[in-house]
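Asker: Contents of final-v2.txt (compact mmCIF, C-alpha atoms):
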# COMPACT_ATOMS: atom_id res chain seq x y z
CA MET A 1167 31.18 -15.58 119.52
CA VAL A 1168 29.19 -12.37 119.98
CA LEU A 1169 31.28 -9.20 120.14
CA SER A 1170 30.15 -5.87 121.50
CA PRO A 1171 29.68 -3.05 118.95
CA LEU A 1172 32.81 -1.26 120.22
CA LYS A 1173 34.96 -4.36 119.77
CA ARG A 1174 33.51 -4.95 116.31
CA PHE A 1175 34.33 -1.34 115.39
CA MET A 1176 37.89 -1.76 116.74
CA ASN A 1177 38.31 -4.90 114.64
CA VAL A 1178 37.28 -2.96 111.53
CA LEU A 1179 39.93 -0.34 112.34
CA ARG A 1180 42.55 -3.00 112.98
CA ARG A 1181 41.82 -4.68 109.68
CA LYS A 1182 42.34 -1.35 107.91
CA VAL A 1183 45.78 -0.98 109.52
CA TRP A 1184 46.68 -4.54 108.53
CA ARG A 1185 45.52 -3.96 104.95
CA ALA A 1186 47.68 -0.81 104.86
CA SER A 1187 50.73 -2.83 105.90
CA LEU A 1188 49.97 -5.30 103.10
CA ALA A 1189 49.63 -2.46 100.59
CA LYS A 1190 53.00 -1.11 101.72
CA ALA A 1191 54.59 -4.51 101.05
CA LEU A 1192 52.84 -4.81 97.67
CA ALA A 1193 54.12 -1.37 96.69
CA THR A 1194 57.70 -2.67 96.75
CA GLY A 1195 56.81 -4.85 93.73
CA ARG A 1196 58.53 -7.89 95.23
CA VAL A 1197 55.42 -9.35 96.88
CA LYS A 1198 52.72 -11.16 94.90
CA VAL A 1199 49.48 -12.17 96.60
CA GLY A 1200 46.79 -14.44 95.13
CA ALA A 1201 43.04 -14.06 95.38
CA ASN A 1202 41.08 -14.21 98.61
CA LEU A 1203 43.85 -13.62 101.16
CA GLN A 1204 42.59 -13.57 104.75
CA LEU A 1205 44.82 -11.33 106.85
CA ASN A 1206 44.38 -11.56 110.63
CA CYS A 1207 47.54 -9.76 111.71
CA PRO A 1208 49.88 -7.04 110.40
CA PHE A 1209 51.69 -8.12 107.24
CA PHE A 1210 55.40 -8.28 108.06
CA PHE A 1211 57.75 -8.50 105.07
CA GLN A 1212 61.39 -7.55 105.38
CA GLY A 1213 64.45 -7.55 103.15
CA PRO A 1214 65.38 -7.40 99.46
CA GLY A 1215 63.99 -10.82 98.38
CA ARG A 1216 60.69 -11.89 96.81
CA LEU A 1217 57.51 -13.45 98.19
CA VAL A 1218 54.81 -15.28 96.19
CA ILE A 1219 51.54 -16.21 97.95
CA GLY A 1220 48.83 -18.38 96.34
CA ASP A 1221 45.04 -18.27 96.55
CA ASN A 1222 42.85 -18.69 99.66
CA VAL A 1223 45.74 -18.27 102.10
CA VAL A 1224 45.15 -17.43 105.78
CA ILE A 1225 47.87 -15.41 107.51
CA GLY A 1226 47.32 -14.84 111.19
CA PRO A 1227 48.98 -14.51 114.59
CA SER A 1228 49.79 -17.38 116.89
CA PHE A 1229 46.92 -19.09 118.65
CA TRP A 1230 48.47 -18.18 122.02
CA SER A 1231 49.27 -14.50 121.60
CA ALA A 1232 48.28 -11.78 119.16
CA ASP A 1233 51.83 -10.31 119.36
CA ARG A 1234 53.44 -13.36 117.75
CA ILE A 1235 52.61 -12.55 114.14
CA THR A 1236 53.60 -14.30 110.93
CA THR A 1237 56.83 -12.82 109.61
CA PHE A 1238 58.59 -13.16 106.27
CA ALA A 1239 62.25 -12.08 106.35
CA THR A 1240 64.46 -12.32 103.27
CA ARG A 1241 68.17 -11.69 103.56
CA THR A 1242 69.41 -11.59 99.94
CA SER A 1243 68.01 -10.24 96.65
CA HIS A 1244 67.77 -13.76 95.15
CA ALA A 1245 65.77 -15.15 98.08
CA VAL A 1246 62.32 -16.46 97.11
CA VAL A 1247 59.58 -17.54 99.50
CA THR A 1248 56.76 -19.42 97.76
CA VAL A 1249 53.49 -20.20 99.55
CA GLY A 1250 50.96 -22.46 97.78
CA ASN A 1251 47.16 -22.39 97.68
CA ASP A 1252 44.89 -22.98 100.70
CA VAL A 1253 47.75 -22.61 103.19
CA VAL A 1254 47.20 -21.60 106.81
CA LEU A 1255 50.09 -19.79 108.52
CA GLU A 1256 49.60 -18.93 112.20
CA GLY A 1257 52.55 -17.15 113.77
CA THR A 1258 55.09 -18.76 111.45
CA ARG A 1259 58.49 -17.10 111.26
CA ILE A 1260 60.28 -17.53 107.96
CA GLY A 1261 63.91 -16.56 107.41
CA CYS A 1262 65.04 -17.03 103.82
CA GLN A 1263 68.41 -16.72 102.12
CA THR A 1264 67.94 -18.90 98.99
CA SER A 1265 64.47 -20.41 98.67
CA ILE A 1266 61.66 -21.72 100.86
CA THR A 1267 58.72 -23.49 99.22
CA ILE A 1268 55.50 -24.32 101.05
CA GLY A 1269 53.12 -26.60 99.17
CA ASP A 1270 49.34 -26.54 98.87
CA ARG A 1271 47.03 -27.12 101.85
CA CYS A 1272 49.81 -26.90 104.48
CA MET A 1273 48.92 -25.91 108.04
CA ILE A 1274 51.80 -24.34 109.93
CA GLY A 1275 51.65 -23.12 113.50
CA GLU A 1276 54.08 -21.01 115.50
CA ALA A 1277 57.16 -22.63 113.97
CA SER A 1278 60.41 -21.22 112.64
CA ILE A 1279 61.40 -22.17 109.10
CA MET A 1280 64.87 -21.09 108.02
CA ASP A 1281 67.06 -22.19 105.11
CA THR A 1282 70.32 -20.91 106.56
CA ASP A 1283 72.41 -21.28 109.70
CA PHE A 1284 72.91 -17.48 109.86
CA HIS A 1285 76.46 -17.90 111.26
CA GLY A 1286 79.43 -20.21 110.75
CA LEU A 1287 80.32 -22.89 113.28
CA ASP A 1288 83.98 -21.86 113.54
CA PRO A 1289 84.39 -19.03 116.09
CA ASP A 1290 86.63 -17.00 113.77
CA GLN A 1291 84.31 -17.44 110.75
CA ARG A 1292 81.01 -16.52 112.41
CA PHE A 1293 80.09 -13.81 109.91
CA SER A 1294 81.59 -15.18 106.66
CA ASP A 1295 79.10 -16.26 104.01
CA GLN A 1296 81.31 -19.07 102.71
CA MET A 1297 81.34 -20.91 106.03
CA THR A 1298 77.60 -20.50 106.66
CA ARG A 1299 75.65 -23.50 105.42
CA THR A 1300 72.63 -22.53 103.33
CA GLU A 1301 70.34 -25.00 101.55
CA PRO A 1302 66.77 -24.59 100.27
CA VAL A 1303 63.83 -25.86 102.30
CA MET A 1304 60.81 -27.53 100.69
CA LEU A 1305 57.50 -28.50 102.25
CA ALA A 1306 55.27 -30.67 100.03
CA GLU A 1307 51.45 -30.76 100.11
CA ASP A 1308 49.32 -31.38 103.23
CA VAL A 1309 52.18 -30.88 105.71
CA LYS A 1310 51.22 -29.99 109.26
CA VAL A 1311 53.74 -28.32 111.56
CA ALA A 1312 52.84 -27.75 115.19
CA SER A 1313 53.92 -24.89 117.41
CA ASP A 1314 57.40 -24.25 118.84
CA SER A 1315 59.08 -26.50 116.28
CA PHE A 1316 62.01 -25.61 114.06
CA ILE A 1317 62.66 -26.63 110.46
CA LEU A 1318 66.34 -26.17 109.63
CA ARG A 1319 68.21 -25.72 106.35
CA GLY A 1320 68.23 -28.43 103.68
CA VAL A 1321 65.06 -30.17 104.92
CA THR A 1322 62.46 -31.56 102.52
CA LEU A 1323 59.21 -32.69 104.10
CA GLY A 1324 57.23 -35.16 101.95
CA ALA A 1325 53.49 -35.02 101.37
CA GLY A 1326 51.36 -35.47 104.49
CA VAL A 1327 54.18 -35.22 107.05
CA VAL A 1328 53.09 -34.18 110.55
CA VAL A 1329 55.62 -32.46 112.82
CA ARG A 1330 54.65 -32.61 116.50
CA PRO A 1331 55.15 -29.69 118.92
CA LYS A 1332 58.60 -28.69 120.24
CA SER A 1333 60.52 -30.75 117.68
CA VAL A 1334 63.56 -29.70 115.69
CA VAL A 1335 63.66 -31.15 112.16
CA THR A 1336 67.26 -31.46 110.98
CA LYS A 1337 66.97 -34.03 108.14
CA SER A 1338 64.57 -34.69 105.27
CA ILE A 1339 61.46 -36.74 106.08
CA PRO A 1340 59.75 -39.03 103.51
CA ALA A 1341 56.04 -38.72 102.83
CA GLY A 1342 53.32 -39.75 105.25
CA LEU A 1343 55.30 -39.92 108.49
CA THR A 1344 54.75 -38.30 111.89
CA VAL A 1345 57.93 -36.98 113.50
CA SER A 1346 58.75 -35.58 116.92
CA GLY A 1347 61.69 -34.96 119.24
CA TYR A 1348 65.04 -33.27 118.96
CA PRO A 1349 66.41 -34.20 116.43
CA ALA A 1350 63.06 -35.19 114.92
CA ARG A 1351 62.63 -38.93 114.34
CA PRO A 1352 59.69 -40.77 112.82
CA MET A 1353 57.21 -42.14 115.33
CA ARG A 1354 56.23 -45.75 115.05
CA PRO A 1355 52.71 -46.22 113.65
CA ALA A 1356 50.12 -47.10 116.32
CA ASP A 1357 49.49 -50.64 115.03
CA GLN A 1358 53.18 -51.60 115.27
CA LYS A 1359 53.59 -50.42 118.85
CA SER A 1360 52.11 -53.53 120.42
CA GLN A 1361 54.53 -55.90 118.67
CA SER A 1362 57.67 -54.90 120.56
CA MET B 642 93.50 9.11 115.32
CA SER B 643 93.24 5.34 115.62
CA PHE B 644 89.59 5.82 116.54
CA VAL B 645 88.87 7.41 113.16
CA ARG B 646 90.73 4.63 111.36
CA ASP B 647 88.74 1.96 113.22
CA ALA B 648 85.45 3.69 112.47
CA ARG B 649 86.35 3.94 108.77
CA LYS B 650 87.14 0.24 108.65
CA THR B 651 83.98 -0.73 110.57
CA TYR B 652 81.62 1.35 108.46
CA SER B 653 83.29 0.82 105.05
CA PHE B 654 80.21 -1.12 103.88
CA LEU B 655 78.25 2.16 103.96
CA ARG B 656 79.62 2.94 100.47
CA GLN B 657 77.41 0.18 99.09
CA ARG B 658 74.46 0.82 101.40
CA PRO B 659 74.37 4.53 102.32
CA ARG B 660 70.78 4.43 103.64
CA TYR B 661 71.91 2.06 106.40
CA LEU B 662 73.43 5.09 108.15
CA PHE B 663 70.08 6.84 108.56
CA SER B 664 67.86 3.80 108.99
CA VAL B 665 69.99 1.83 111.46
CA ILE B 666 73.20 3.34 112.77
CA ILE B 667 72.04 6.82 113.83
CA PRO B 668 68.73 5.73 115.48
CA HIS B 669 70.43 2.89 117.32
CA ALA B 670 73.31 5.06 118.49
CA LEU B 671 70.83 7.72 119.68
CA ARG B 672 68.80 5.20 121.63
CA GLY B 673 72.00 3.76 123.12
CA THR B 674 73.15 7.22 124.20
CA LEU B 675 69.78 7.90 125.83
CA ILE B 676 69.94 4.62 127.76
CA ARG B 677 73.52 5.37 128.85
CA LEU B 678 72.46 8.84 130.03
CA ARG B 679 69.59 7.32 131.97
CA TYR B 680 71.96 5.06 133.94
CA LEU B 681 74.82 7.61 134.11
CA PHE B 682 74.45 8.33 137.83
CA ASN B 683 73.37 4.82 138.75
CA PRO B 684 76.40 3.13 140.36
CA LYS B 685 74.84 -0.33 139.97
CA ILE B 686 74.52 -0.24 136.19
CA THR B 687 77.43 0.58 133.90
CA ILE B 688 77.14 0.50 130.12
CA GLY B 689 80.20 0.87 127.90
CA ALA B 690 80.68 3.19 124.95
CA ASN B 691 79.07 2.61 121.55
CA PHE B 692 75.96 0.85 122.88
CA MET B 693 73.67 0.09 119.90
CA PRO B 694 70.21 -1.24 120.86
CA GLU B 695 67.64 -1.82 118.09
CA SER B 696 64.69 -1.74 120.47
CA ARG B 697 64.01 -1.04 124.10
CA VAL B 698 66.19 -2.74 126.70
CA ARG B 699 64.68 -3.61 130.04
CA ILE B 700 67.06 -3.69 133.02
CA MET B 701 65.25 -4.45 136.27
CA GLY B 702 66.09 -5.33 139.84
CA PRO B 703 68.52 -4.18 142.56
CA GLY B 704 71.65 -6.04 141.39
CA LYS B 705 74.70 -4.92 139.45
CA VAL B 706 74.80 -4.97 135.65
CA ARG B 707 78.04 -4.35 133.77
CA ILE B 708 77.86 -4.12 129.99
CA GLY B 709 81.05 -3.70 127.96
CA LYS B 710 81.92 -1.66 124.90
CA ASN B 711 80.38 -2.03 121.41
CA VAL B 712 77.42 -4.12 122.64
CA SER B 713 74.43 -4.30 120.30
CA CYS B 714 70.90 -5.51 121.10
CA PHE B 715 68.32 -6.81 118.64
CA ILE B 716 64.80 -8.14 118.60
CA ASN B 717 65.04 -11.85 117.95
CA SER B 718 61.93 -13.98 117.54
CA LEU B 719 59.89 -10.92 118.58
CA GLU B 720 61.62 -10.92 121.97
CA HIS B 721 63.21 -7.84 123.59
CA VAL B 722 66.38 -7.89 125.66
CA THR B 723 65.50 -8.23 129.35
CA ILE B 724 67.97 -8.35 132.24
CA MET B 725 66.51 -9.01 135.69
CA THR B 726 68.36 -9.32 138.97
CA THR B 727 66.60 -10.66 142.05
CA ASN B 728 68.79 -9.30 144.89
CA SER B 729 71.50 -6.72 145.52
CA GLU B 730 74.36 -9.26 145.43
CA ALA B 731 73.55 -10.36 141.90
CA LEU B 732 76.04 -9.48 139.15
CA VAL B 733 75.50 -9.66 135.41
CA GLU B 734 78.68 -9.20 133.39
CA ILE B 735 78.48 -8.83 129.62
CA GLY B 736 81.75 -8.49 127.72
CA ASP B 737 82.82 -6.31 124.81
CA SER B 738 81.36 -6.60 121.29
CA VAL B 739 78.54 -8.93 122.34
CA ALA B 740 75.44 -9.17 120.15
CA LEU B 741 72.41 -9.70 122.38
CA GLY B 742 69.33 -10.73 120.43
CA GLY B 743 66.20 -11.29 122.50
CA VAL B 744 68.13 -12.48 125.55
CA ARG B 745 66.31 -12.89 128.84
CA ILE B 746 68.65 -13.04 131.84
CA LEU B 747 67.43 -13.88 135.35
CA CYS B 748 70.29 -13.48 137.81
CA ALA B 749 70.51 -14.12 141.56
CA ARG B 750 74.28 -14.62 141.93
CA HIS B 751 76.49 -14.27 138.85
CA VAL B 752 75.95 -14.51 135.09
CA LYS B 753 78.96 -13.87 132.88
CA ILE B 754 78.90 -13.63 129.08
CA GLY B 755 82.31 -13.44 127.41
CA SER B 756 83.31 -10.96 124.77
CA ARG B 757 82.44 -11.36 121.08
CA THR B 758 79.59 -13.79 121.82
CA ILE B 759 76.53 -13.88 119.55
CA CYS B 760 73.22 -14.57 121.30
CA GLY B 761 69.96 -15.40 119.59
CA GLN B 762 66.69 -15.71 121.46
CA SER B 763 67.86 -17.36 124.66
CA TYR B 764 66.83 -17.78 128.28
CA ILE B 765 69.68 -17.59 130.80
CA SER B 766 68.86 -18.05 134.48
CA ASP B 767 71.16 -19.00 137.34
CA VAL B 768 68.17 -19.63 139.61
CA ASP B 769 65.00 -21.57 138.88
CA PHE B 770 62.45 -19.16 140.30
CA PRO B 771 62.73 -15.39 140.88
CA ASP B 772 61.86 -15.71 144.57
CA ASP B 773 64.39 -18.47 145.33
CA SER B 774 67.21 -17.62 147.77
CA VAL B 775 70.84 -16.97 146.78
CA ASP B 776 71.94 -20.36 148.14
CA GLN B 777 69.93 -22.14 145.47
CA ALA B 778 71.60 -20.17 142.68
CA GLU B 779 74.68 -21.41 140.83
CA ARG B 780 76.76 -19.21 138.60
CA ILE B 781 76.63 -19.36 134.80
CA GLU B 782 79.63 -18.71 132.62
CA VAL B 783 79.59 -18.32 128.84
CA GLY B 784 83.03 -18.08 127.26
CA GLU B 785 84.35 -15.82 124.54
CA GLN B 786 83.21 -16.09 120.92
CA CYS B 787 80.33 -18.43 121.76
CA TRP B 788 77.19 -18.65 119.67
CA LEU B 789 73.81 -19.22 121.33
CA SER B 790 71.34 -19.81 118.49
CA GLY B 791 67.55 -19.62 118.69
CA ASN B 792 65.34 -20.82 121.52
CA VAL B 793 68.30 -21.81 123.70
CA GLY B 794 68.21 -22.25 127.47
CA LEU B 795 71.07 -22.07 129.97
CA LEU B 796 69.97 -23.22 133.41
CA LYS B 797 71.76 -22.84 136.73
CA GLY B 798 75.32 -24.10 137.08
CA SER B 799 75.99 -24.46 133.37
CA ARG B 800 79.27 -23.50 131.74
CA LEU B 801 79.97 -23.03 128.04
CA GLY B 802 83.60 -23.04 126.93
CA ARG B 803 85.36 -20.67 124.59
CA GLY B 804 84.14 -20.70 120.98
CA SER B 805 81.39 -23.25 121.60
CA THR B 806 78.02 -23.33 119.90
CA LEU B 807 74.60 -24.26 121.28
CA GLY B 808 72.34 -25.56 118.50
CA VAL B 809 68.75 -24.51 117.94
CA GLY B 810 66.52 -25.36 120.88
CA ALA B 811 69.31 -26.80 123.04
CA VAL B 812 68.94 -26.61 126.82
CA LEU B 813 72.15 -26.74 128.85
CA ASP B 814 71.00 -28.02 132.23
CA GLY B 815 73.74 -27.54 134.81
CA SER B 816 76.45 -29.32 132.84
CA SER B 817 79.60 -27.87 131.33
CA VAL B 818 80.72 -27.96 127.69
CA GLY B 819 84.40 -27.60 126.78
CA ASP B 820 86.09 -25.31 124.28
CA TYR B 821 85.14 -25.31 120.57
CA PHE B 822 82.26 -27.80 120.77
CA LEU B 823 78.82 -27.96 119.16
CA ALA B 824 76.18 -29.00 121.72
CA ILE B 825 72.61 -29.91 120.79
CA GLY B 826 69.60 -31.55 122.42
CA ASN B 827 67.69 -31.31 125.65
CA PRO B 828 69.63 -31.72 127.93
CA ALA B 829 72.42 -30.53 125.67
CA ARG B 830 75.40 -32.79 124.94
CA ALA B 831 78.52 -32.01 122.94
CA VAL B 832 78.32 -33.83 119.61
CA LEU B 833 81.04 -32.29 117.46
CA LYS B 834 84.47 -30.81 118.03
CA VAL B 835 84.71 -27.85 115.71
CA ARG B 836 88.40 -27.23 116.11
Output the file's structure in the form of structure tokens.
Answerer:
Amino acid sequence: MVLSPLKRFMNVLRRKVWRASLAKALATGRVKVGANLQLNCPFFFQGPGRLVIGDNVVIGPSFWSADRITTFATRTSHAVVTVGNDVVLEGTRIGCQTSITIGDRCMIGEASIMDTDFHGLDPDQRFSDQMTRTEPVMLAEDVKVASDSFILRGVTLGAGVVVRPKSVVTKSIPAGLTVSGYPARPMRPADQKSQS
Amino acid sequence: MSFVRDARKTYSFLRQRPRYLFSVIIPHALRGTLIRLRYLFNPKITIGANFMPESRVRIMGPGKVRIGKNVSCFINSLEHVTIMTTNSEALVEIGDSVALGGVRILCARHVKIGSRTICGQSYISDVDFPDDSVDQAERIEVGEQCWLSGNVGLLKGSRLGRGSTLGVGAVLDGSSVGDYFLAIGNPARAVLKVR
């Protein structure tokens, strides 16, 4: 794609603003970033927790809209978000209360990953921490998550799992499966479909 | 003096986090006061005391909007609070102590949200399209102490009972859910009685 000189100049300016937002997050001392980070949107980091990012990571906005940026929100001081090497995050929204781990070579679209329910189910206990269920989330290597899907607390996705668009993952998925729907269920492999 | 006692109880956590006063409470209260002043002489829109919006609140259209006391608004999933009425008979009622996070309301007849409800990013519309007539609209009622979590939809004619919860991504399509239920799925069905 050929850009006009004005647009190229504006992109240079934008990148400077984004780098400044990253420097502001790094200055807190709770964010660690590996080598060769490619930043295509403002760096949004919020809260008292920690964030560790590996090498060769791409952080960008959603494919559909430049406003829908990747956000990291931590809610407690012991919250840790770990992002592996060669990960692509495009408009992912991460809300962390204990720990969220994203393995190497994951590709995650405009999905929400959260390891807490944020509120209790009982109407009188909505804001109590004891009644709010919070379990760590783990994504193994080579996981692909498509846009508009949700990954809820206590979910472990095995290596090579593919989550299709608009699905809500409520339970752990073993390695190598493709899931979709609400709640997300494994799809039958293509060769078994003709048998039944 | 009961007002002072209530305020002391509400903001007692400021002893642990004193910066919260300057970073959150004062800016939000100022913005809320400005928005209330803006609609002070507008008979269609009434906003109760202690309105605490985190970001801008868009109220559009010719209908009536009634917002109760102690209502707070947040950005949720990068979405601002938007209330839109399509005609002058429309009425949006929001109760006391409601937390509105990224709620989009499209109202042609009547949308009611009960007091002490928590809303995440949700889409509430009692009519399918903005240019549909009033006859095609059906009223929506959300009870007290409900919880609408993220990416939730409430379409026309739906009713959520007192203390009920809509799970992440649930779409309530014209059906009604009783009191103290958890409803998930699209279309949403009650799966668990909480109490």
Asker: Distance limit 10 Å, atoms considered: all atoms listed in the file. Which chain B residues sit that close to chain A? Return them as a PyMOL selection string.
Answerer: chain B and resi 718-720+757-759+785-788+790-792+803-811+821-823+825-827+835-836
Asker: Compile the contact shell of Val783 of chain B as number ranges by chain: residues with an atom at most 8 Å away, counting only C-alpha atoms, same-chain residues fewer than 3 positions apart removed.
Answerer: B: 753-755, 787, 800-803
Asker: Using C-alpha atoms, can you write the selected residues to a file as a PDB file, in the coordinates of the input?
Answerer:
ATOM      1  CA  LYS B 753      78.960 -13.870 132.880  1.00  0.00           C
ATOM      2  CA  ILE B 754      78.900 -13.630 129.080  1.00  0.00           C
ATOM      3  CA  GLY B 755      82.310 -13.440 127.410  1.00  0.00           C
ATOM      4  CA  CYS B 787      80.330 -18.430 121.760  1.00  0.00           C
ATOM      5  CA  ARG B 800      79.270 -23.500 131.740  1.00  0.00           C
ATOM      6  CA  LEU B 801      79.970 -23.030 128.040  1.00  0.00           C
ATOM      7  CA  GLY B 802      83.600 -23.040 126.930  1.00  0.00           C
ATOM      8  CA  ARG B 803      85.360 -20.670 124.590  1.00  0.00           C
TER       9      ARG B 803
END
Asker: If you measure from atom CA of Arg649 of chain B to atom CA of Met1297 of chain A, what distance in Å do you get, rounded to one decimal?
Answerer: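 So the answer is 25.5 Å.
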Asker: Using only C-alpha atoms, which of A:Ala1245, A:Leu1343, A:Val1197, A:Cys1207 sits nearest Ile1225 of chain A?
Answerer: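 Closest candidate: A:Cys1207.
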Asker: Counting only C-alpha atoms, figure out which residue out of A:Ile1279, A:Leu1205, A:Leu1169, A:Leu1323 gets nearest to Val1183 of chain A.
Answerer: A:Leu1205
Asker: Can you pull out every residue within 9 Å of Glu734 of chain B, counting all atoms listed in the file, but drop anything in the same chain fewer than 4 positions away, and send it as a list of chain:residue names?
Answerer: B:Lys705, B:Val706, B:Arg707, B:Ile708, B:Gly709, B:His751, B:Val752, B:Lys753, B:Ile754, B:Gly755
Asker: So how far away is atom CA of Val722 of chain B from atom CA of Thr1264 of chain A, in Å?
Answerer: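 Interatomic distance here is 28.9 Å.
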Asker: Using all atoms listed in the file, which residues sit within 9 Å of Val1311 of chain A once same-chain residues fewer than 5 positions away are excluded, as a list in words?
Answerer: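 Near neighbours after the sequence-gap exclusion: Cys1272, Met1273, Ile1274, Gly1275, Glu1276, Ala1277, Val1327, Val1328, Val1329, Arg1330 and Pro1331 of chain A.
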Asker: In Å, with one decimal, what is the gap from atom CA of Gln762 of chain B to atom CA of Gly743 of chain B?
Answerer: 4.6 Å
Asker: Return the padded bounding box of segment 759-771 of chain B as JSON: axis-aligned, built from all atoms listed in the file, 6 Å added on each side, with centre and edge lengths in Å to one decimal.
Answerer:
{"center_x": 69.5, "center_y": -17.7, "center_z": 130.2, "size_x": 26.1, "size_y": 19.7, "size_z": 33.3}
Asker: So, counting all atoms listed in the file, which residue among B:Leu671, B:Arg658, B:Asp767, B:Gly702 is closest to Lys685 of chain B?
Answerer: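 Ranked by minimum distance to Lys685 of chain B, first place goes to B:Gly702.
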Asker: I'd like the contact shell of Ser1243 of chain A - 9 Å cut-off, all atoms listed in the file, skipping same-chain residues fewer than 5 positions apart - returned as a list of chain:residue names.
Answerer: A:Gly1213, A:Pro1214, A:Gly1215, A:Arg1216, A:Gln1263, A:Thr1264
Asker: Given the choices A:Thr1258, A:Ser1231, A:Phe1210, A:Lys1337, which gets closest to Ser1187 of chain A if the distance is worked out from only C-alpha atoms?
Answerer: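 The shortest atom-to-atom distance to Ser1187 of chain A comes from A:Phe1210.
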Asker: Skip Arg1319 of chain A itself and residues of its chain fewer than 3 positions away, then list as a PyMOL selection string all residues within 6 Å of it, counting all atoms listed in the file.
Answerer: chain A and resi 1280-1282+1301+1303
Asker: Could you tell me which of B:Gly815, B:Pro684, B:Gly742, B:Pro659 comes closest to Thr723 of chain B if we count only C-alpha atoms?
Answerer: B:Gly742
Asker: Tell me which of A:Asp1295, A:Ser1346, A:Lys1198, A:Ile1266 sits closest to Thr1322 of chain A, counting only C-alpha atoms.
Answerer: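 Between A:Asp1295, A:Ser1346, A:Lys1198, A:Ile1266, the residue approaching Thr1322 of chain A most closely is A:Ile1266.
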